[in-house]
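Q: Dropping in run33.pdb, which is PDB, C-alpha atoms:
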```pdb
ATOM      1  CA  MET A   1      48.025  34.253  39.178
ATOM      2  CA  ASN A   2      49.591  31.469  37.137
ATOM      3  CA  MET A   3      52.946  30.790  38.765
ATOM      4  CA  THR A   4      55.352  28.189  37.443
ATOM      5  CA  LEU A   5      57.327  25.844  39.670
ATOM      6  CA  ARG A   6      60.395  27.925  38.792
ATOM      7  CA  GLY A   7      58.668  31.050  40.121
ATOM      8  CA  TRP A   8      57.602  29.318  43.325
ATOM      9  CA  LEU A   9      61.111  27.981  43.969
ATOM     10  CA  ILE A  10      62.653  31.399  43.403
ATOM     11  CA  ARG A  11      60.173  32.952  45.822
ATOM     12  CA  TRP A  12      60.953  30.201  48.349
ATOM     13  CA  LEU A  13      64.697  30.892  48.084
ATOM     14  CA  LEU A  14      64.078  34.612  48.473
ATOM     15  CA  LEU A  15      61.946  33.941  51.553
ATOM     16  CA  VAL A  16      64.689  31.769  53.093
ATOM     17  CA  SER A  17      67.243  34.484  52.315
ATOM     18  CA  ILE A  18      65.053  37.207  53.812
ATOM     19  CA  ALA A  19      64.692  35.077  56.949
ATOM     20  CA  HIS A  20      68.505  34.976  57.143
ATOM     21  CA  VAL A  21      68.631  38.784  56.796
ATOM     22  CA  LEU A  22      66.156  39.144  59.673
ATOM     23  CA  VAL A  23      67.969  36.644  61.897
ATOM     24  CA  GLY A  24      71.253  38.408  61.174
ATOM     25  CA  ALA A  25      69.685  41.754  62.053
ATOM     26  CA  VAL A  26      68.233  40.446  65.324
ATOM     27  CA  LEU A  27      71.274  38.533  66.628
ATOM     28  CA  PRO A  28      73.309  41.578  67.741
ATOM     29  CA  TRP A  29      70.342  42.885  69.722
ATOM     30  CA  MET A  30      68.967  39.618  71.108
ATOM     31  CA  ALA A  31      72.055  37.450  71.749
ATOM     32  CA  ALA A  32      71.871  38.073  75.501
ATOM     33  CA  ALA A  33      68.070  37.781  75.786
ATOM     34  CA  PRO A  34      66.739  35.367  78.411
ATOM     35  CA  VAL A  35      64.999  33.366  75.679
ATOM     36  CA  PHE A  36      68.470  32.085  74.670
ATOM     37  CA  ASP A  37      69.534  31.012  78.177
ATOM     38  CA  ALA A  38      69.038  27.292  77.449
ATOM     39  CA  TYR A  39      70.993  27.646  74.212
ATOM     40  CA  HIS A  40      73.867  29.412  75.966
ATOM     41  CA  GLY A  41      73.768  26.797  78.717
ATOM     42  CA  SER A  42      74.103  23.949  76.199
ATOM     43  CA  ILE A  43      77.161  25.550  74.617
ATOM     44  CA  GLU A  44      78.708  26.244  78.027
ATOM     45  CA  ALA A  45      78.135  22.603  79.010
ATOM     46  CA  ALA A  46      79.865  21.434  75.827
ATOM     47  CA  PHE A  47      83.018  23.401  76.648
ATOM     48  CA  TRP A  48      82.936  23.471  80.462
ATOM     49  CA  PRO A  49      81.151  20.394  81.842
ATOM     50  CA  GLY A  50      82.072  21.447  85.380
ATOM     51  CA  GLY A  51      80.634  24.931  84.948
ATOM     52  CA  ALA A  52      81.572  27.892  82.800
ATOM     53  CA  PRO A  53      84.101  30.411  84.115
ATOM     54  CA  ALA A  54      83.070  33.961  84.876
ATOM     55  CA  GLY A  55      82.781  35.995  81.705
ATOM     56  CA  ALA A  56      82.163  32.990  79.438
ATOM     57  CA  ARG A  57      78.547  33.972  78.799
ATOM     58  CA  ASP A  58      79.577  37.536  77.955
ATOM     59  CA  LEU A  59      82.190  36.315  75.475
ATOM     60  CA  GLN A  60      79.757  33.866  73.907
ATOM     61  CA  THR A  61      77.097  36.563  73.600
ATOM     62  CA  TRP A  62      79.630  38.871  71.961
ATOM     63  CA  TRP A  63      80.575  36.228  69.358
ATOM     64  CA  ILE A  64      76.923  35.537  68.539
ATOM     65  CA  ALA A  65      76.204  39.260  68.225
ATOM     66  CA  LEU A  66      79.238  39.631  65.964
ATOM     67  CA  PHE A  67      78.062  36.711  63.820
ATOM     68  CA  GLY A  68      74.717  38.421  63.100
ATOM     69  CA  PRO A  69      75.984  41.010  60.614
ATOM     70  CA  THR A  70      77.924  38.282  58.772
ATOM     71  CA  VAL A  71      74.747  36.227  58.371
ATOM     72  CA  GLN A  72      72.921  39.337  57.246
ATOM     73  CA  LEU A  73      75.520  40.239  54.615
ATOM     74  CA  MET A  74      75.699  36.708  53.217
ATOM     75  CA  ALA A  75      71.904  36.659  52.956
ATOM     76  CA  LEU A  76      71.932  39.941  51.040
ATOM     77  CA  TRP A  77      74.452  38.438  48.621
ATOM     78  CA  MET A  78      72.207  35.377  48.257
ATOM     79  CA  ILE A  79      69.261  37.648  47.418
ATOM     80  CA  ALA A  80      71.362  39.442  44.793
ATOM     81  CA  LEU A  81      72.505  36.155  43.230
ATOM     82  CA  ILE A  82      68.973  34.724  43.227
ATOM     83  CA  HIS A  83      67.724  37.884  41.542
ATOM     84  CA  LEU A  84      70.485  37.711  38.911
ATOM     85  CA  ALA A  85      69.916  34.014  38.254
ATOM     86  CA  ASP A  86      66.196  34.639  37.885
ATOM     87  CA  ARG A  87      66.596  37.543  35.466
ATOM     88  CA  LEU A  88      69.537  36.236  33.436
ATOM     89  CA  ARG A  89      68.520  32.554  33.540
ATOM     90  CA  GLN A  90      72.160  31.618  33.837
ATOM     91  CA  PRO A  91      72.406  28.116  35.340
ATOM     92  CA  GLN A  92      75.935  28.703  36.644
ATOM     93  CA  VAL A  93      74.593  31.208  39.193
ATOM     94  CA  TRP A  94      72.424  28.469  40.738
ATOM     95  CA  LEU A  95      75.461  26.189  40.628
ATOM     96  CA  TRP A  96      77.633  28.732  42.478
ATOM     97  CA  LEU A  97      75.010  29.066  45.204
ATOM     98  CA  MET A  98      74.977  25.266  45.565
ATOM     99  CA  VAL A  99      78.777  25.107  45.629
ATOM    100  CA  GLY A 100      78.828  27.717  48.397
ATOM    101  CA  LEU A 101      76.420  25.684  50.514
ATOM    102  CA  VAL A 102      78.270  22.429  49.859
ATOM    103  CA  ILE A 103      81.573  24.024  50.899
ATOM    104  CA  TRP A 104      80.133  25.772  53.963
ATOM    105  CA  ALA A 105      77.920  23.042  55.427
ATOM    106  CA  PRO A 106      80.387  20.179  56.023
ATOM    107  CA  GLN A 107      82.875  22.538  57.646
ATOM    108  CA  ASP A 108      80.235  24.128  59.863
ATOM    109  CA  ILE A 109      78.805  20.732  60.780
ATOM    110  CA  ILE A 110      82.230  19.297  61.662
ATOM    111  CA  VAL A 111      83.056  22.282  63.876
ATOM    112  CA  SER A 112      79.671  21.932  65.588
ATOM    113  CA  LEU A 113      80.056  18.164  66.047
ATOM    114  CA  ARG A 114      83.514  18.598  67.601
ATOM    115  CA  ALA A 115      81.916  20.843  70.218
ATOM    116  CA  ALA A 116      78.833  18.608  70.553
ATOM    117  CA  CYS A 117      76.625  21.555  69.574
ATOM    118  CA  TRP A 118      73.799  19.540  68.059
ATOM    119  CA  ALA A 119      71.512  22.564  67.689
ATOM    120  CA  HIS A 120      73.951  23.988  65.148
ATOM    121  CA  VAL A 121      74.100  20.701  63.253
ATOM    122  CA  TRP A 122      70.307  20.572  62.948
ATOM    123  CA  VAL A 123      70.120  24.215  61.831
ATOM    124  CA  ASP A 124      72.756  23.499  59.162
ATOM    125  CA  VAL A 125      70.870  20.403  57.970
ATOM    126  CA  ALA A 126      67.620  22.398  57.845
ATOM    127  CA  ALA A 127      69.320  25.107  55.766
ATOM    128  CA  LEU A 128      70.633  22.495  53.340
ATOM    129  CA  VAL A 129      67.244  20.786  53.032
ATOM    130  CA  ALA A 130      65.535  24.144  52.495
ATOM    131  CA  MET A 131      67.945  25.387  49.851
ATOM    132  CA  LEU A 132      69.782  22.616  47.984
ATOM    133  CA  PRO A 133      66.804  20.855  46.341
ATOM    134  CA  PRO A 134      65.319  24.092  44.897
ATOM    135  CA  LEU A 135      68.753  25.257  43.742
ATOM    136  CA  PHE A 136      69.434  21.910  42.081
ATOM    137  CA  TRP A 137      66.074  21.946  40.327
ATOM    138  CA  LEU A 138      66.588  25.538  39.128
ATOM    139  CA  TRP A 139      70.090  24.718  37.890
ATOM    140  CA  ARG A 140      68.835  21.729  35.875
ATOM    141  CA  HIS A 141      65.814  23.651  34.571
ATOM    142  CA  ASP A 142      67.783  26.686  33.397
ATOM    143  CA  ARG A 143      70.579  24.487  32.027
ATOM    144  CA  ALA A 144      68.044  22.582  29.908
ATOM    145  CA  ALA A 145      66.480  25.853  28.718
ATOM    146  CA  VAL A 146      69.882  27.228  27.673
ATOM    147  CA  ALA A 147      70.769  23.978  25.871
ATOM    148  CA  SER A 148      67.577  23.972  23.789
TER     149      SER A 148
END
```
Could you rewrite the structure in this file as structure tokens?
A:
Amino acid sequence: MNMTLRGWLIRWLLLVSIAHVLVGAVLPWMAAAPVFDAYHGSIEAAFWPGGAPAGARDLQTWWIALFGPTVQLMALWMIALIHLADRLRQPQVWLWLMVGLVIWAPQDIIVSLRAACWAHVWVDVAALVAMLPPLFWLWRHDRAAVAS
């Protein structure tokens, strides 16, 4: 199979998006799992250094479970946009995906930094590193193809 760099990058972006769909699907069911105890503890320590009040873990678990379907839906939209950009070869679709990430990330990072939730900051940075370079390359590539 002779795959171009463009094809590999599109597959990579689809894989990252599918991972987001799966994480979003799992969060409502796994938010209270013991495997996340350390994570919950770090968030509780950020907000209640002297110990979290009763019910804090339940509320936190509820918010994380509620966040799952949002992640899942956004990932499905990313898959749709990646598919459209691939088929139509319209560089502005890649640009809109980049704009979305560039708007989302600083806000999410600032909110996480204010709460000293470093795990969230590193996840955001990883998402940016995984997605922005391929999107930028695809935007430039398709823009050059349209211009010629």
Q: Quick one: everything within 8 Å of segment 102-107 of chain A, counting only C-alpha atoms, minus sequence neighbours fewer than 3 positions away in the same chain. Send it as a PyMOL selection string.
A: chain A and resi 98-99+110-111+124-125+128
Q: Any chance you could resolve the PyMOL selection byres ((chain A and resi 75) around 9) against this file and give the residues as a PyMOL selection string?
A: chain A and resi 16-21+24+70-74+76-80
Q: Ranking A:Leu5, A:Ile64, A:Ala115, A:Leu88 by minimum distance to Pro28 of chain A and counting all atoms listed in the file, which one comes first?
A: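 Residue with the minimum atom-to-atom distance to Pro28 of chain A: A:Ile64.
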Q: Suppose you want the space between atom CA of Gly100 of chain A and atom CA of Met131 of chain A; what is it in Å?
A: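 Distance between the two atoms: 11.2 Å.
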Q: I'd like the interatomic distance between atom CA of Ala65 of chain A and atom CA of Leu27 of chain A, to a tenth of an Å.
A: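 Interatomic distance here is 5.2 Å.
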Q: Rounded to one decimal place, report the atom CA of Asp58 of chain A-atom CA of Ala32 of chain A distance in Å.
A: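 Taking atom CA of Asp58 of chain A and atom CA of Ala32 of chain A, their separation equals 8.1 Å.
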Q: Of the residues A:Ile82, A:Ala147, A:Ala46, A:Leu59, which is the one nearest to Arg6 of chain A, using all atoms listed in the file?
A: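 Of the candidates, the smallest distance to Arg6 of chain A is held by A:Ile82.
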Q: Out of A:Leu135, A:Trp8, A:Pro69, A:Val146, which residue has the shortest atom-to-atom distance to Leu81 of chain A when counting only C-alpha atoms?
A: A:Leu135
Q: Specify as a PDB file with C-alpha atoms, in the frame of the given file each residue included when the PyMOL selection byres ((chain A and resi 89) around 12) is applied to this file.
A:
```pdb
ATOM      1  CA  ARG A   6      60.395  27.925  38.792  1.00  0.00           C
ATOM      2  CA  GLY A   7      58.668  31.050  40.121  1.00  0.00           C
ATOM      3  CA  ILE A  10      62.653  31.399  43.403  1.00  0.00           C
ATOM      4  CA  LEU A  81      72.505  36.155  43.230  1.00  0.00           C
ATOM      5  CA  ILE A  82      68.973  34.724  43.227  1.00  0.00           C
ATOM      6  CA  HIS A  83      67.724  37.884  41.542  1.00  0.00           C
ATOM      7  CA  LEU A  84      70.485  37.711  38.911  1.00  0.00           C
ATOM      8  CA  ALA A  85      69.916  34.014  38.254  1.00  0.00           C
ATOM      9  CA  ASP A  86      66.196  34.639  37.885  1.00  0.00           C
ATOM     10  CA  ARG A  87      66.596  37.543  35.466  1.00  0.00           C
ATOM     11  CA  LEU A  88      69.537  36.236  33.436  1.00  0.00           C
ATOM     12  CA  GLN A  90      72.160  31.618  33.837  1.00  0.00           C
ATOM     13  CA  PRO A  91      72.406  28.116  35.340  1.00  0.00           C
ATOM     14  CA  GLN A  92      75.935  28.703  36.644  1.00  0.00           C
ATOM     15  CA  VAL A  93      74.593  31.208  39.193  1.00  0.00           C
ATOM     16  CA  TRP A  94      72.424  28.469  40.738  1.00  0.00           C
ATOM     17  CA  LEU A  95      75.461  26.189  40.628  1.00  0.00           C
ATOM     18  CA  LEU A 138      66.588  25.538  39.128  1.00  0.00           C
ATOM     19  CA  TRP A 139      70.090  24.718  37.890  1.00  0.00           C
ATOM     20  CA  ARG A 140      68.835  21.729  35.875  1.00  0.00           C
ATOM     21  CA  HIS A 141      65.814  23.651  34.571  1.00  0.00           C
ATOM     22  CA  ASP A 142      67.783  26.686  33.397  1.00  0.00           C
ATOM     23  CA  ARG A 143      70.579  24.487  32.027  1.00  0.00           C
ATOM     24  CA  ALA A 144      68.044  22.582  29.908  1.00  0.00           C
ATOM     25  CA  ALA A 145      66.480  25.853  28.718  1.00  0.00           C
ATOM     26  CA  VAL A 146      69.882  27.228  27.673  1.00  0.00           C
ATOM     27  CA  ALA A 147      70.769  23.978  25.871  1.00  0.00           C
TER      28      ALA A 147
END
```
Q: Kindly assemble as a tab-separated table a list of the segment 18-63 of chain A residues that lie within 10 Å of segment 118-123 of chain A, each paired with its nearest atom pair and their distance in Å to one decimal, using all atoms listed in the file, sorted first by chain and then by ascending residue number.
A:
```
residue	atom	partner	partner_atom	distance
A:Tyr39	CA	A:Ala119	CA	8.3
A:Ser42	CA	A:Ala119	CA	9.0
A:Ile43	CA	A:Ala119	CA	9.4
```
Q: With distances taken over all atoms listed in the file, which of A:Ala25, A:Leu14, A:Leu101, A:Ala116 is nearest to Trp48 of chain A?
A: A:Ala116
Q: Determine, counting only C-alpha atoms, which protein, DNA and RNA residues have an atom within 12 Å of an atom of Arg57 of chain A; residues of the same chain fewer than 2 positions away are not included. Present the result as a PyMOL selection string.
A: chain A and resi 31-34+36-45+47-48+51-55+59-64
Q: Can you rebuild segment 104-127 of chain A with N, CA and C atoms and give it as a tab-separated table (two decimals), in the coordinates of the input?
A:
```tsv
chain	number	residue	atom	x	y	z
A	104	TRP	N	80.38	25.27	52.60
A	104	TRP	CA	80.13	25.77	53.96
A	104	TRP	C	79.65	24.69	54.91
A	105	ALA	N	78.63	23.94	54.51
A	105	ALA	CA	77.92	23.04	55.43
A	105	ALA	C	78.80	21.99	56.08
A	106	PRO	N	79.58	21.21	55.34
A	106	PRO	CA	80.39	20.18	56.02
A	106	PRO	C	81.35	20.77	57.05
A	107	GLN	N	81.94	21.91	56.71
A	107	GLN	CA	82.88	22.54	57.65
A	107	GLN	C	82.14	22.98	58.91
A	108	ASP	N	81.00	23.64	58.72
A	108	ASP	CA	80.24	24.13	59.86
A	108	ASP	C	79.73	22.96	60.71
A	109	ILE	N	79.30	21.90	60.06
A	109	ILE	CA	78.81	20.73	60.78
A	109	ILE	C	79.93	20.06	61.56
A	110	ILE	N	81.10	19.93	60.96
A	110	ILE	CA	82.23	19.30	61.66
A	110	ILE	C	82.63	20.11	62.89
A	111	VAL	N	82.71	21.42	62.73
A	111	VAL	CA	83.06	22.28	63.88
A	111	VAL	C	82.01	22.13	64.98
A	112	SER	N	80.75	22.08	64.60
A	112	SER	CA	79.67	21.93	65.59
A	112	SER	C	79.71	20.56	66.25
A	113	LEU	N	79.97	19.52	65.47
A	113	LEU	CA	80.06	18.16	66.05
A	113	LEU	C	81.22	18.03	67.02
A	114	ARG	N	82.36	18.65	66.70
A	114	ARG	CA	83.51	18.60	67.60
A	114	ARG	C	83.19	19.20	68.96
A	115	ALA	N	82.30	20.19	68.95
A	115	ALA	CA	81.92	20.84	70.22
A	115	ALA	C	80.62	20.27	70.79
A	116	ALA	N	80.10	19.23	70.14
A	116	ALA	CA	78.83	18.61	70.55
A	116	ALA	C	77.69	19.62	70.61
A	117	CYS	N	77.69	20.55	69.67
A	117	CYS	CA	76.62	21.56	69.57
A	117	CYS	C	75.61	21.08	68.54
A	118	TRP	N	74.75	20.17	68.97
A	118	TRP	CA	73.80	19.54	68.06
A	118	TRP	C	72.79	20.52	67.49
A	119	ALA	N	72.46	21.57	68.21
A	119	ALA	CA	71.51	22.56	67.69
A	119	ALA	C	72.05	23.16	66.40
A	120	HIS	N	73.35	23.42	66.36
A	120	HIS	CA	73.95	23.99	65.15
A	120	HIS	C	73.90	22.99	64.00
A	121	VAL	N	74.14	21.73	64.30
A	121	VAL	CA	74.10	20.70	63.25
A	121	VAL	C	72.71	20.66	62.63
A	122	TRP	N	71.67	20.66	63.47
A	122	TRP	CA	70.31	20.57	62.95
A	122	TRP	C	69.92	21.83	62.17
A	123	VAL	N	70.40	22.99	62.58
A	123	VAL	CA	70.12	24.22	61.83
A	123	VAL	C	70.81	24.15	60.46
A	124	ASP	N	72.04	23.65	60.44
A	124	ASP	CA	72.76	23.50	59.16
A	124	ASP	C	72.03	22.53	58.23
A	125	VAL	N	71.59	21.39	58.78
A	125	VAL	CA	70.87	20.40	57.97
A	125	VAL	C	69.57	21.01	57.45
A	126	ALA	N	68.87	21.75	58.28
A	126	ALA	CA	67.62	22.40	57.84
A	126	ALA	C	67.89	23.39	56.71
A	127	ALA	N	68.98	24.16	56.83
A	127	ALA	CA	69.32	25.11	55.77
A	127	ALA	C	69.61	24.38	54.46
```
